[in-house]
Every structure is written in C-alpha cells, then in structure tokens.
file protein.txt (compact mmCIF, C-alpha atoms)
# COMPACT_ATOMS: atom_id res chain seq x y z
CA MET J 1 131.82 101.71 172.80
CA ARG J 2 134.06 104.42 171.41
CA ALA J 3 133.53 103.52 167.74
CA PRO J 4 129.70 103.87 167.81
CA LEU J 5 129.94 107.16 169.68
CA LEU J 6 132.44 108.46 167.12
CA ILE J 7 130.14 107.52 164.24
CA ILE J 8 127.13 109.16 165.88
CA SER J 9 129.06 112.36 166.56
CA VAL J 10 130.38 112.57 162.97
CA GLY J 11 126.87 112.08 161.61
CA HIS J 12 125.52 114.76 163.93
CA VAL J 13 128.19 117.25 162.87
CA ALA J 14 127.56 116.60 159.15
CA ARG J 15 123.80 116.99 159.56
CA THR J 16 124.26 120.25 161.49
CA ILE J 17 126.54 121.68 158.80
CA LEU J 18 124.03 120.79 156.03
CA ARG J 19 121.14 122.30 157.93
CA ARG J 20 122.99 125.58 158.50
CA ALA J 21 124.26 125.78 154.92
CA PHE J 22 120.99 124.84 153.20
CA PRO J 23 118.21 125.45 155.71
CA ARG J 24 115.35 125.57 153.23
CA THR J 25 116.60 123.37 150.42
CA LEU J 26 117.49 120.43 152.66
CA ALA J 27 114.15 120.56 154.44
CA SER J 28 112.23 120.68 151.16
CA LEU J 29 114.09 117.64 149.86
CA PHE J 30 112.99 115.39 152.70
CA ASP J 31 109.75 116.99 153.93
CA PRO J 32 107.18 118.08 151.30
CA SER J 33 105.00 119.73 153.97
CA ARG J 34 107.92 121.97 155.03
CA ALA J 35 108.56 122.79 151.38
CA LEU J 36 104.95 123.98 151.18
CA ALA J 37 105.45 126.08 154.29
CA VAL J 38 108.48 127.76 152.71
CA THR J 39 106.58 128.71 149.56
CA ALA J 40 103.20 129.39 151.21
CA GLY J 41 104.05 133.02 151.69
CA HIS J 42 104.34 133.52 147.94
CA CYS J 43 101.29 131.46 146.86
CA THR J 44 97.54 131.92 146.88
CA PRO J 45 95.41 129.59 149.06
CA ARG J 46 94.30 127.67 145.96
CA GLU J 47 97.90 127.18 144.84
CA VAL J 48 98.82 125.93 148.29
CA SER J 49 95.91 123.46 148.18
CA SER J 50 97.02 122.20 144.78
CA ALA J 51 100.59 121.86 146.01
CA ARG J 52 99.46 119.83 149.02
CA ALA J 53 97.57 117.43 146.75
CA THR J 54 100.68 116.88 144.69
CA ALA J 55 103.16 116.89 147.58
CA HIS J 56 103.67 113.16 147.29
CA THR J 57 104.06 113.19 143.52
CA SER J 58 107.63 112.12 142.86
CA THR J 59 109.70 113.70 140.13
CA MET J 60 112.92 112.66 138.54
CA PRO J 61 115.53 114.50 136.50
CA VAL J 62 115.49 114.19 132.74
CA PRO J 63 118.23 114.66 130.11
CA VAL J 64 119.63 118.13 129.57
CA SER J 65 118.04 118.28 126.13
CA VAL J 66 114.64 118.09 127.83
CA SER J 67 115.21 119.88 131.12
CA GLY J 68 116.92 122.88 129.55
CA TRP J 69 119.59 123.12 132.24
CA LYS J 70 122.04 125.98 131.68
CA SER J 71 124.94 126.88 133.93
CA ALA J 72 126.21 130.33 134.78
CA ALA J 73 129.41 129.55 132.91
CA GLY J 74 127.49 129.17 129.66
CA GLY J 75 127.05 125.40 129.59
CA GLY J 76 123.83 123.55 128.94
CA VAL J 77 121.05 124.39 126.50
CA ASP J 78 118.58 127.24 125.97
CA ALA J 79 115.34 125.39 126.57
CA ALA J 80 112.54 125.80 129.07
CA PRO J 81 113.30 123.79 132.21
CA SER J 82 110.94 120.91 132.88
CA VAL J 83 110.66 117.72 134.88
CA MET J 84 109.14 114.38 134.04
CA GLU J 85 106.47 113.27 136.49
CA THR J 86 106.51 109.72 137.75
CA SER J 87 103.41 109.87 139.96
CA GLY J 88 101.14 106.91 140.33
CA PRO J 89 97.40 106.83 139.51
CA PHE J 90 96.23 107.97 142.96
CA ALA J 91 98.56 110.97 142.98
CA ALA J 92 97.37 111.84 139.47
CA LEU J 93 93.72 111.75 140.62
CA ALA J 94 94.56 113.95 143.59
CA LYS J 95 96.23 116.45 141.28
CA ARG J 96 93.22 116.54 138.94
CA LYS J 97 90.89 117.04 141.91
CA ALA J 98 93.01 119.94 143.21
CA GLU J 99 93.05 121.55 139.76
CA ARG J 100 89.27 121.34 139.49
CA GLU J 101 88.82 122.85 142.95
CA SER J 102 91.19 125.70 142.09
CA GLN J 103 89.11 126.43 138.97
CA GLY J 104 85.86 126.33 140.93
CA GLY J 105 84.60 123.25 139.12
CA VAL J 106 83.15 119.98 140.39
CA SER J 107 85.67 118.06 142.44
CA GLU J 108 84.27 114.58 141.88
CA VAL J 109 85.66 112.48 139.08
CA THR J 110 82.95 110.56 137.29
CA VAL J 111 83.38 107.58 135.02
CA SER J 112 80.86 107.05 132.27
CA ALA J 113 79.21 103.66 131.98
CA GLY J 114 79.62 103.44 128.24
CA PRO J 115 82.02 104.67 125.58
CA THR J 116 81.89 108.26 124.47
CA PRO J 117 80.54 109.04 120.99
CA ALA J 118 84.07 109.82 119.77
CA ALA J 119 85.42 106.53 121.13
CA LYS J 120 82.51 104.62 119.61
CA ALA J 121 83.06 106.26 116.24
CA ALA J 122 86.78 105.41 116.39
CA ALA J 123 85.98 101.79 117.28
CA ASP J 124 83.46 101.45 114.44
CA ALA J 125 85.81 103.02 111.89
CA PRO J 126 87.51 100.59 109.48
CA PRO J 127 91.17 99.82 110.21
CA ALA J 128 93.71 102.01 108.49
CA PRO J 129 95.27 100.38 105.44
CA ALA J 130 98.80 99.09 105.81
CA PRO J 131 101.47 101.25 104.18
CA SER J 132 102.20 100.19 100.65
CA ALA J 133 105.14 100.56 98.36
CA ALA J 134 105.29 102.77 95.33
CA PRO J 135 103.17 101.60 92.36
CA GLY J 136 104.92 98.95 90.34
CA ALA J 137 107.54 98.30 93.02
CA SER J 138 106.53 94.67 93.56
CA ASN J 139 106.12 93.79 89.86
CA GLY J 140 103.73 91.08 91.00
CA TRP J 141 106.26 89.27 93.19
CA GLY J 142 105.22 87.96 96.58
CA VAL J 143 108.88 87.55 97.58
CA ALA J 144 111.74 89.34 95.87
CA VAL J 145 115.44 89.18 96.84
CA ASN J 146 117.55 91.36 94.58
CA ASP J 147 121.24 90.44 94.29
CA LEU J 148 121.80 90.35 98.05
CA ASP J 149 125.21 90.02 99.72
CA TRP J 150 124.99 89.71 103.51
CA SER J 151 127.05 88.60 106.50
CA TYR J 152 126.58 88.69 110.26
CA PRO J 153 127.77 92.01 111.72
CA GLY J 154 130.58 92.52 114.19
CA ILE J 155 130.47 94.36 117.51
CA ASP J 156 130.03 97.75 115.85
CA GLY J 157 127.11 96.54 113.72
CA SER J 158 129.02 96.55 110.43
CA PRO J 159 130.29 93.49 108.55
CA ILE J 160 133.56 92.11 109.87
CA ALA J 161 136.43 93.40 107.72
CA GLY J 162 137.89 90.75 105.46
CA SER J 163 135.11 88.22 106.10
CA GLU J 164 133.38 86.52 103.19
CA PRO J 165 129.63 87.19 102.89
CA LEU J 166 127.45 84.38 104.15
CA ILE J 167 124.77 85.15 101.55
CA LYS J 168 126.29 85.82 98.14
CA GLY J 169 124.52 87.28 95.11
CA MET J 170 121.14 85.96 96.25
CA ASP J 171 118.42 86.63 93.70
CA LEU J 172 115.10 84.93 94.44
CA LYS J 173 111.68 85.76 92.99
CA LEU J 174 108.39 84.03 93.84
CA LYS J 175 104.87 84.83 92.64
CA PRO J 176 101.86 84.80 95.02
CA GLY J 177 100.44 81.30 95.28
CA SER J 178 103.88 79.63 95.18
CA CYS J 179 104.82 76.79 97.54
CA CYS J 180 108.60 76.82 97.41
CA LEU J 181 110.85 74.21 99.04
CA LEU J 182 114.13 75.76 100.19
CA LEU J 183 116.66 72.93 100.07
CA GLY J 184 120.36 72.58 100.77
CA ALA J 185 122.95 71.01 103.03
CA ASN J 186 123.50 71.97 106.66
CA GLY J 187 125.14 75.40 106.80
CA ALA J 188 124.10 76.34 103.28
CA GLY J 189 122.35 79.50 104.52
CA LYS J 190 118.68 78.43 104.50
CA THR J 191 117.79 79.58 108.01
CA THR J 192 119.70 82.84 107.58
CA LEU J 193 117.85 83.53 104.34
CA LEU J 194 114.48 82.82 105.97
CA LYS J 195 115.26 85.19 108.84
CA ILE J 196 116.28 87.88 106.36
CA LEU J 197 113.00 87.38 104.50
CA GLY J 198 111.20 87.58 107.85
CA GLY J 199 112.69 91.02 108.56
CA LYS J 200 114.87 89.80 111.43
CA HIS J 201 118.14 91.10 109.96
CA MET J 202 118.87 94.55 108.56
CA VAL J 203 119.71 94.63 104.87
CA PRO J 204 120.22 97.45 102.36
CA LYS J 205 117.01 98.98 101.08
CA ASP J 206 115.33 97.54 97.97
CA LYS J 207 117.21 94.26 98.45
CA VAL J 208 114.48 92.21 100.17
CA LEU J 209 110.85 93.00 99.36
CA ILE J 210 107.61 91.36 100.46
CA HIS J 211 104.83 92.37 98.07
CA GLY J 212 106.96 95.35 97.14
CA ARG J 213 107.47 96.46 100.77
CA GLU J 214 110.72 96.41 102.72
CA ALA J 215 110.95 93.24 104.82
CA PHE J 216 113.10 94.89 107.51
CA TYR J 217 112.03 98.53 107.47
CA ASP J 218 108.27 98.10 107.05
CA THR J 219 107.44 96.71 110.49
CA SER J 220 103.71 96.70 109.74
CA LEU J 221 104.30 93.57 107.68
CA THR J 222 104.97 91.54 110.80
CA THR J 223 102.80 93.45 113.28
CA SER J 224 99.76 92.96 111.04
CA GLY J 225 100.50 89.26 110.56
CA GLN J 226 100.82 89.64 106.80
CA LEU J 227 104.38 88.27 107.05
CA SER J 228 104.66 85.26 109.34
CA TYR J 229 107.81 83.36 110.35
CA ILE J 230 107.59 80.05 112.21
CA GLY J 231 110.82 78.30 113.12
CA GLY J 232 113.06 77.13 115.90
CA ASP J 233 112.12 75.51 119.17
CA TRP J 234 110.32 77.03 122.12
CA GLN J 235 113.32 76.97 124.42
CA ARG J 236 115.12 79.23 126.86
CA ASP J 237 118.26 79.25 129.01
CA VAL J 238 117.82 79.08 132.78
CA ALA J 239 120.93 79.96 134.79
CA PHE J 240 122.17 77.13 137.02
CA ALA J 241 119.34 74.92 135.77
CA GLY J 242 120.00 74.13 132.13
CA TYR J 243 120.45 75.36 128.59
CA GLY J 244 117.88 74.76 125.87
CA VAL J 245 115.18 74.22 128.50
CA THR J 246 111.76 73.68 126.92
CA LEU J 247 109.59 76.77 127.17
CA ALA J 248 106.55 75.57 129.09
CA GLY J 249 104.16 76.62 131.79
CA ASP J 250 101.35 75.19 133.88
CA PHE J 251 98.51 76.59 131.77
CA PRO J 252 96.24 75.15 129.06
CA ALA J 253 96.91 75.46 125.34
CA SER J 254 93.68 77.44 125.05
CA LYS J 255 95.21 80.28 127.07
CA MET J 256 97.81 80.81 124.34
CA LEU J 257 95.46 80.36 121.39
CA ASP J 258 92.75 82.58 122.90
CA SER J 259 95.24 85.39 123.55
CA ILE J 260 95.51 86.28 119.86
CA PRO J 261 93.15 89.19 119.09
CA GLY J 262 91.03 89.51 115.98
CA VAL J 263 91.02 85.84 114.94
CA ASP J 264 88.19 84.53 112.79
CA PRO J 265 86.43 81.83 114.90
CA GLU J 266 85.93 79.59 111.87
CA ARG J 267 89.60 79.79 110.92
CA LYS J 268 90.63 79.12 114.51
CA LYS J 269 88.43 76.02 114.70
CA ARG J 270 89.73 74.80 111.35
CA ILE J 271 93.39 75.12 112.41
CA ILE J 272 92.76 73.40 115.75
CA ASP J 273 91.03 70.54 113.92
CA VAL J 274 93.78 70.22 111.29
CA LEU J 275 96.51 70.05 113.95
CA ASP J 276 94.37 67.85 116.24
CA ILE J 277 94.94 70.08 119.29
CA ASN J 278 93.16 69.55 122.57
CA PRO J 279 92.68 73.04 124.07
CA GLU J 280 92.92 71.53 127.55
CA TRP J 281 96.50 70.29 127.07
CA ARG J 282 98.69 71.51 129.94
CA MET J 283 101.75 73.03 128.29
CA HIS J 284 104.17 71.66 130.90
CA GLN J 285 102.93 68.10 130.39
CA VAL J 286 102.68 67.80 126.59
CA SER J 287 105.14 65.97 124.36
CA ASP J 288 107.47 67.73 121.93
CA GLY J 289 105.13 66.93 119.04
CA GLN J 290 102.10 68.33 120.85
CA ARG J 291 104.01 71.47 121.79
CA ARG J 292 105.00 71.88 118.14
CA ARG J 293 101.33 71.64 117.11
CA VAL J 294 100.44 74.47 119.47
CA GLN J 295 103.36 76.54 118.16
CA LEU J 296 102.16 76.04 114.59
CA ALA J 297 98.56 76.90 115.45
CA TYR J 298 99.73 80.07 117.20
CA GLY J 299 101.65 81.16 114.09
CA LEU J 300 98.92 80.28 111.59
CA MET J 301 95.95 81.98 113.28
CA ILE J 302 96.29 85.41 111.63
CA PRO J 303 95.71 85.21 107.85
CA TYR J 304 99.09 85.85 106.24
CA SER J 305 100.15 86.54 102.68
CA VAL J 306 103.73 85.28 103.03
CA LEU J 307 104.58 82.35 105.31
CA LEU J 308 108.16 81.33 106.15
CA LEU J 309 108.66 77.87 107.69
CA ASP J 310 111.95 76.55 109.04
CA GLU J 311 111.97 72.82 109.87
CA ILE J 312 108.60 72.95 111.57
CA THR J 313 107.57 69.32 111.04
CA VAL J 314 110.49 67.57 112.76
CA ASP J 315 108.37 66.62 115.81
CA LEU J 316 105.12 65.80 114.03
CA ASP J 317 103.89 62.30 113.37
CA VAL J 318 102.96 61.09 109.88
CA LEU J 319 99.28 62.06 110.09
CA GLY J 320 99.95 65.46 111.63
CA ARG J 321 102.51 66.28 108.96
CA ALA J 322 100.29 65.13 106.07
CA ASP J 323 97.29 67.13 107.33
CA LEU J 324 99.42 70.23 107.82
CA MET J 325 100.90 70.06 104.32
CA ALA J 326 97.42 69.62 102.80
CA PHE J 327 96.18 72.67 104.75
CA LEU J 328 99.11 74.81 103.59
CA ARG J 329 98.63 73.78 99.98
CA ARG J 330 94.96 74.82 100.18
CA GLU J 331 96.09 78.16 101.61
CA CYS J 332 98.23 78.72 98.49
CA GLU J 333 95.43 77.77 96.13
CA GLU J 334 92.53 79.53 97.87
CA ARG J 335 94.23 82.71 99.15
CA SER J 336 97.28 82.99 96.83
CA VAL J 337 99.64 82.74 99.79
CA THR J 338 103.39 82.56 99.17
CA ILE J 339 105.11 79.86 101.26
CA VAL J 340 108.85 79.25 101.61
CA TYR J 341 109.55 76.01 103.49
CA ALA J 342 113.06 74.87 104.47
CA THR J 343 113.24 71.19 105.36
CA HIS J 344 115.29 68.00 105.22
CA ILE J 345 112.22 65.74 105.34
CA PHE J 346 110.96 65.06 101.83
CA ASP J 347 108.29 62.39 102.30
CA GLY J 348 105.10 63.32 100.46
CA LEU J 349 106.28 66.77 99.38
CA GLU J 350 106.14 66.00 95.66
CA GLU J 351 102.46 67.02 95.63
CA PHE J 352 102.96 70.00 97.93
CA ALA J 353 105.63 72.02 96.16
CA THR J 354 105.19 74.24 93.11
CA HIS J 355 108.85 75.40 93.12
CA VAL J 356 112.20 74.14 94.41
CA ALA J 357 115.06 76.48 95.38
CA PHE J 358 118.45 74.89 95.99
CA VAL J 359 121.05 76.77 98.06
CA ALA J 360 124.72 75.84 98.42
CA GLY J 361 127.50 77.85 100.02
CA GLY J 362 125.25 80.86 100.49
CA ARG J 363 124.41 81.01 96.79
CA LEU J 364 121.14 80.21 95.07
CA ARG J 365 122.01 77.52 92.52
CA PHE J 366 118.54 77.59 90.97
CA CYS J 367 114.86 78.19 91.69
CA GLU J 368 112.57 76.49 89.21
CA ALA J 369 109.06 75.17 88.92
CA ILE J 370 108.90 71.52 89.88
CA GLU J 371 107.60 70.63 86.40
CA ASP J 372 110.83 72.00 84.88
CA ILE J 373 113.17 69.91 87.06
CA GLU J 374 114.39 66.63 85.67
CA GLY J 375 113.35 63.72 87.86
CA LEU J 376 110.47 65.61 89.50
CA ARG J 377 108.13 66.29 86.59
CA ALA J 378 106.07 63.16 87.21
CA ARG J 379 105.82 63.89 90.96
CA GLU J 380 106.34 60.25 91.74
CA PRO J 381 106.53 59.33 95.46
CA GLY J 382 110.14 59.24 96.63
CA ALA J 383 111.45 61.12 93.60
CA LEU J 384 112.28 64.24 95.61
CA LEU J 385 114.48 62.37 98.08
CA ALA J 386 116.46 60.61 95.35
CA THR J 387 116.88 63.80 93.31
CA VAL J 388 117.98 66.00 96.23
CA GLU J 389 120.44 63.34 97.42
CA GLY J 390 122.13 63.51 94.04
CA TRP J 391 122.37 67.32 94.26
CA LEU J 392 123.86 67.22 97.74
CA ARG J 393 126.48 64.62 96.86
CA LYS J 394 127.52 66.61 93.82
CA GLU J 395 127.84 69.79 95.89
CA ALA J 396 129.88 67.94 98.52
CA GLU J 397 132.35 66.82 95.87
CA ILE J 398 132.61 70.34 94.44
CA LYS J 399 133.26 71.76 97.89
CA LYS J 400 135.96 69.18 98.59
CA GLU J 401 137.71 70.00 95.33
CA GLU J 402 137.59 73.74 96.03
CA LEU J 403 139.13 73.25 99.47
CA ALA J 404 141.88 71.08 97.99
CA LYS J 405 142.73 73.76 95.41
CA ARG J 406 143.04 76.34 98.18
CA GLY J 407 145.34 74.05 100.14
CA ILE J 408 142.91 73.58 103.02
CA VAL J 409 142.95 70.07 104.43
CA LYS J 410 140.57 68.98 107.17
CA LYS J 411 142.33 68.09 110.41
CA LYS J 412 142.11 64.54 111.62
CA VAL J 413 143.15 65.12 115.24
CA PHE J 414 141.03 66.85 117.85
CA GLU J 415 142.48 69.54 120.06
CA TYR J 416 141.04 70.68 123.35
CA ALA J 417 140.71 74.35 124.23
CA ARG J 418 140.35 75.19 127.91
CA ASN J 419 140.05 78.25 130.06
CA SER J 420 139.97 78.71 133.80
CA GLY J 421 137.16 79.73 136.11
CA TRP J 422 133.50 78.86 136.35
CA GLY J 423 131.10 78.83 133.46
CA GLU J 424 128.50 81.59 133.48
CA GLY J 425 125.26 80.34 134.97
CA ARG J 426 126.69 76.87 135.56
CA MET J 427 127.66 74.92 138.65
CA ALA J 428 130.70 73.48 136.90
CA ALA J 429 134.20 74.67 136.14
CA THR J 430 135.52 75.28 132.66
CA VAL J 431 138.75 73.46 133.48
CA SER J 432 138.51 69.82 132.45
CA PHE J 433 140.20 66.89 134.13
CA GLY J 434 143.15 66.12 131.87
CA PRO J 435 143.81 62.42 132.55
CA GLU J 436 140.22 61.58 131.57
CA LEU J 437 140.99 63.02 128.17
CA GLY J 438 144.27 61.16 127.90
CA MET J 439 146.32 64.32 128.31
CA LYS J 440 148.68 65.65 130.98
CA HIS J 441 146.62 68.69 131.84
CA GLN J 442 145.31 68.62 135.42
CA GLY J 443 141.96 70.21 136.18
CA ILE J 444 138.84 69.70 138.25
CA LYS J 445 137.43 66.21 138.10
CA GLY J 446 133.84 65.98 136.89
CA SER J 447 133.96 69.05 134.69
CA SER J 448 132.96 68.44 131.08
CA ASN J 449 133.26 71.87 129.51
CA ALA J 450 136.22 71.14 127.28
CA VAL J 451 135.68 72.47 123.76
CA MET J 452 136.79 70.24 120.92
CA ARG J 453 138.17 72.10 117.93
CA ASN J 454 139.24 70.53 114.65

call {"tool": "encode", "arguments": {"input": "protein.txt", "output": "structure tokens"}}
result
Amino acid sequence: MRAPLLIISVGHVARTILRRAFPRTLASLFDPSRALAVTAGHCTPREVSSARATAHTSTMPVPVSVSGWKSAAGGGVDAAPSVMETSGPFAALAKRKAERESQGGVSEVTVSAGPTPAAKAAADAPPAPAPSAAPGASNGWGVAVNDLDWSYPGIDGSPIAGSEPLIKGMDLKLKPGSCCLLLGANGAGKTTLLKILGGKHMVPKDKVLIHGREAFYDTSLTTSGQLSYIGGDWQRDVAFAGYGVTLAGDFPASKMLDSIPGVDPERKKRIIDVLDINPEWRMHQVSDGQRRRVQLAYGLMIPYSVLLLDEITVDLDVLGRADLMAFLRRECEERSVTIVYATHIFDGLEEFATHVAFVAGGRLRFCEAIEDIEGLRAREPGALLATVEGWLRKEAEIKKEELAKRGIVKKKVFEYARNSGWGEGRMAATVSFGPELGMKHQGIKGSSNAVMRN
C-alpha cells in the first residue's frame, strides 16, 4: 500500500504548487466559468453574457506567422496576435446569438425557405470560362509535346543524378479529331507518357500542352473534365489481407454513375447502353469485365476534348470492345475529340485509328497518319497485328545489338535477395526457407518473399 500512497502524495504536492504559483491561469485553463469570474470585474454585463455563450468554444494555437507571438528577448514576429477557432456548429450559433443580444437585435436565428436573390442570381449565371492560353499558343494542336526529356524524380523531387531520362526527346503533335494508337513494347514508356499528358507528373513549362494549356499546371483541364485519363485497375492494398485487392463495395453501379454532377441525361443513357451496363449490378459481385465497363462509363460521362486510354479493353468481351471503339470513333468525328489509346490488342483497330505513334526506348520513332504507313493503307483486317509485330521484332534486335556493344550480357542464373524481419502489412516473414530453394540458407518455412534478381 505504500506505493499508491506515495503516488497520491506526490500528485497532491504538485497540484498545490501549481495552484499557488498560477492561481488564476490554472483555473482558467480547466474551468471556463472560473475564467469568466476572473475577468467579470473588467467586463460589461453584455460582454460577460457573450463570453458565457462562447465558454465552450475551443481554441488552438496557430503558427507564429499567424499568431504574432513575440518574446521579451526580441524573438517572434510583429503581427497582431490571433487564435484560430475550432468550435462546432452549436457553439457558433450560441456565439451569434450572444452577439445579437449584445447589439440589442433579435436573438432568434431564422432560416429562409428559399434562396436569396443574390444566391439565385449566382446560380442562374453562366459558368465562368476555363482559363485559356495566350492566343496562338496551341497552333491548332489538341495535344502537343515539345522535345520533352523526363525521368522519375528521386527523394528530393529532382531527377536522380547520373540517371538516363526515361522519356527522351519526345515530340508529339496531334490535331483535334485524331484517334491515335500509342504502340510499343513493354517498358517502352507508353504509360508514363500518357500520365504526363494527363497532368499527373510535373514537367517543365511549355513542354506538354493540351489545346495550348499546360497539362500539369492548368488544373482546370482535369477538374472540368476537358482532359480525361482512364487507365489502370480499380485496386487497393489492404494490410494483412492482400495486395492488389479489387476495389469494390456492396452498392449498385447506379450509385457511382449517379454521383457525377452535371451529366447530360441523354449522354448518360447512351453510354450505359453502349457499355451494356445494368445499373443494379452490385459492385462486389460483378466480374472483372463488368467492373471495367462501369469504370469506363464513369470516365466517359463528362464530355471531354482530350481522352487518354491505357489498356482499358483488356477485360472486355468482343462485343463490348467493338461497341466501345465505335462509340469513341463517333466522338472523334462528331465532337473533334483527340484520343490517345495505348494497347497491345489490335483486333479491329484498323478502322478505328487515324494515326499510329510508335515508341521504343522512351523515344518516339514516328507518328504518322495510318494512310501513310506501309502495310496499313488498305486497312485490311489483321494488317495492324502483322505490321506491329514486325516493328517490335526489329526493335528487339536493335536493342540486343546495342547491349552487346556496351558489353552488357543478360545473366542466365537467378540470385535470391533476402532480408530479415516481417513484411509490412503481411503475416509472413521476409526470410525464405533455403532448402526449398536448393540453397544452404536457413529461414522460416512457408515464407515465400524471396526476391529473384537477374
């Protein structure tokens, strides 16, 4: 029993010391009513009433640049001290009521049944035009990439010193109404280029323009829906459950499609019909192809002027893919939309594309109208697959020769890199069981987190 008594006595002594040293300050910190009592002698009755109404309004400190704190030693800043209120709605109403009473006004807060004339006028006013570039900046291009070199940044946000740019000397120009196929091998830089065009990566100014406006810096392009990017899978990582888990929920597809404001009902119905979507689909029960249809519909609802597509038909069946391509081609013809579509599936695209851009090693080899490309002028079915296969095989041979000249030879033997401990968000160790891999290293049996490096 001695330990509890000792703790109680120490706490009592500390509390007594604080009370004697700071009799008023300590009380005001923990008891707003006592704080009012301390200041009541210096306030009018109306001020005391207002203070009581706001006694439970919490405040929090703000940065020195805002609060204007200045010490006696000369530190701080010369600004008027202030605090940032964090009161809830009820405390705010109480404060307004107290202010009205102190001014002799009506204490009741009334809420009008309809919008005020000013609010109605603001609602009826036409939307403000999106910011535009300087006259002549676009030169008629829907998409313009001007001699761009780009690489992924390091920790400090700048390119890693000594690293070779991933995108090299990229110069791509497309007129409105173009349907461009962005083709190339895996790792050629197609997805990176699409994300740069979509404003997802910072680039130097005047290097990437959408209708003459900066793709990265002019955020109204994406917020207005004028620039639309659709790519990737709806997935997320769930700690201790799985990685690449399908993003789904127990709600109907209509809840997602109806959540987009300002959609033309006729356009919405047309897109739902083209993609053959049942609005009653439960998003946690649909197949991958059905989920992809909903993703596409969600991204196509707002009328766009530039549409970027990254492998968005991989889960669609033959009919769904054909109907989608026909819809997109009509968009180009009827609304002069610019479409850039990266894909490895070439069936039926001979009639869809107006241009073909071929990327290899981060460089744009060419971007030409399909009528100017040998083997594709006639738009015969299957011609695109045969032609692109020839390009890819030629590029593979060139790459192999370049590596041989530099003395780089691909390893034939796999090595295993291991570290100790438990993987983040996983119920498995990162130490693999050596004998299962035919090696002498001993680890935890059942772990499969060895990383193969070649």

call {"tool": "atom_distance", "arguments": {"input": "protein.txt", "atom1": "CA of Gly382 in chain J", "atom2": "CA of Gly189 in chain J"}}
result
24.9 Å

call {"tool": "axis_aligned_box", "arguments": {"input": "protein.txt", "around": "range 331-340 of chain J", "padding_each_side": "3 Å", "output": "lines of an AutoDock Vina configuration file"}}
result
center_x = 100.7
center_y = 80.4
center_z = 98.9
size_x = 22.3
size_y = 11.2
size_z = 11.5

call {"tool": "atom_distance", "arguments": {"input": "protein.txt", "atom1": "CA of Tyr298 in chain J", "atom2": "CA of Leu257 in chain J"}}
result
6.0 Å

call {"tool": "closest_residue", "arguments": {"input": "protein.txt", "among": "J:Arg363, J:Arg330, J:Arg335, J:Lys255", "to": "Leu193 in chain J", "atoms": "all atoms listed in the file"}}
result
J:Arg363

call {"tool": "atom_distance", "arguments": {"input": "protein.txt", "atom1": "CA of Phe346 in chain J", "atom2": "CA of Asp171 in chain J"}}
result
24.2 Å

call {"tool": "residues_near_point", "arguments": {"input": "protein.txt", "point": "(102.7, 74.5, 132.7)", "cutoff": "10 Å", "atoms": "only C-alpha atoms", "output": "VMD selection string"}}
result
chain J and resid 247 to 253 281 to 286

call {"tool": "closest_atom_pairs", "arguments": {"input": "protein.txt", "of": "range 308-420 of chain J", "to": "range 223-229 of chain J", "cutoff": "10 Å", "atoms": "all atoms listed in the file", "output": "CSV"}}
result
residue,atom,partner,partner_atom,distance
J:Leu308,CA,J:Tyr229,CA,4.7
J:Leu309,CA,J:Tyr229,CA,6.2
J:Asp310,CA,J:Tyr229,CA,8.1
J:Val337,CA,J:Gln226,CA,9.9
J:Thr338,CA,J:Leu227,CA,9.8
J:Ile339,CA,J:Ser228,CA,9.7
J:Val340,CA,J:Tyr229,CA,9.7

call {"tool": "write_last_selection", "arguments": {"input": "protein.txt", "atoms": "C-alpha atoms", "output": "compact mmCIF listing (two decimals), in the coordinates of the input"}}
result
# COMPACT_ATOMS: atom_id res chain seq x y z
CA LEU J 308 108.16 81.33 106.15
CA LEU J 309 108.66 77.87 107.69
CA ASP J 310 111.95 76.55 109.04
CA VAL J 337 99.64 82.74 99.79
CA THR J 338 103.39 82.56 99.17
CA ILE J 339 105.11 79.86 101.26
CA VAL J 340 108.85 79.25 101.61

call {"tool": "closest_residue", "arguments": {"input": "protein.txt", "among": "J:Val388, J:Leu148, J:Ala357, J:Val263", "to": "Ile302 in chain J", "atoms": "all atoms listed in the file"}}
result
J:Val263

call {"tool": "residues_near_point", "arguments": {"input": "protein.txt", "point": "(129.3, 80.7, 96.8)", "cutoff": "10 Å", "atoms": "all atoms listed in the file", "output": "PyMOL selection string"}}
result
chain J and resi 164-170+188+359-365+399

call {"tool": "closest_residue", "arguments": {"input": "protein.txt", "among": "J:Ser151, J:Gln290, J:Ser178, J:Ser102", "to": "Phe352 in chain J", "atoms": "only C-alpha atoms"}}
result
J:Ser178

call {"tool": "closest_residue", "arguments": {"input": "protein.txt", "among": "J:Ala378, J:Ser254, J:Phe358, J:Ala369", "to": "Gly184 in chain J", "atoms": "all atoms listed in the file"}}
result
J:Phe358

call {"tool": "closest_residue", "arguments": {"input": "protein.txt", "among": "J:Gly348, J:Pro176, J:Gly407, J:Gly157", "to": "Trp141 in chain J", "atoms": "all atoms listed in the file"}}
result
J:Pro176

call {"tool": "residues_around", "arguments": {"input": "protein.txt", "residues": "Glu334 in chain J", "least_positions_apart": "6", "cutoff": "12 Å", "atoms": "only C-alpha atoms", "output": "ChimeraX atom specification"}}
result
/J:176-178,303,305,327-328

call {"tool": "closest_residue", "arguments": {"input": "protein.txt", "among": "J:Leu324, J:Leu197, J:Ala396, J:Cys180", "to": "Ala342 in chain J", "atoms": "only C-alpha atoms"}}
result
J:Cys180

call {"tool": "residues_around", "arguments": {"input": "protein.txt", "residues": "His355 in chain J", "least_positions_apart": "5", "cutoff": "12 Å", "atoms": "only C-alpha atoms", "output": "ChimeraX atom specification"}}
result
/J:172-183,338-341,349-350,366-373,376-377,384
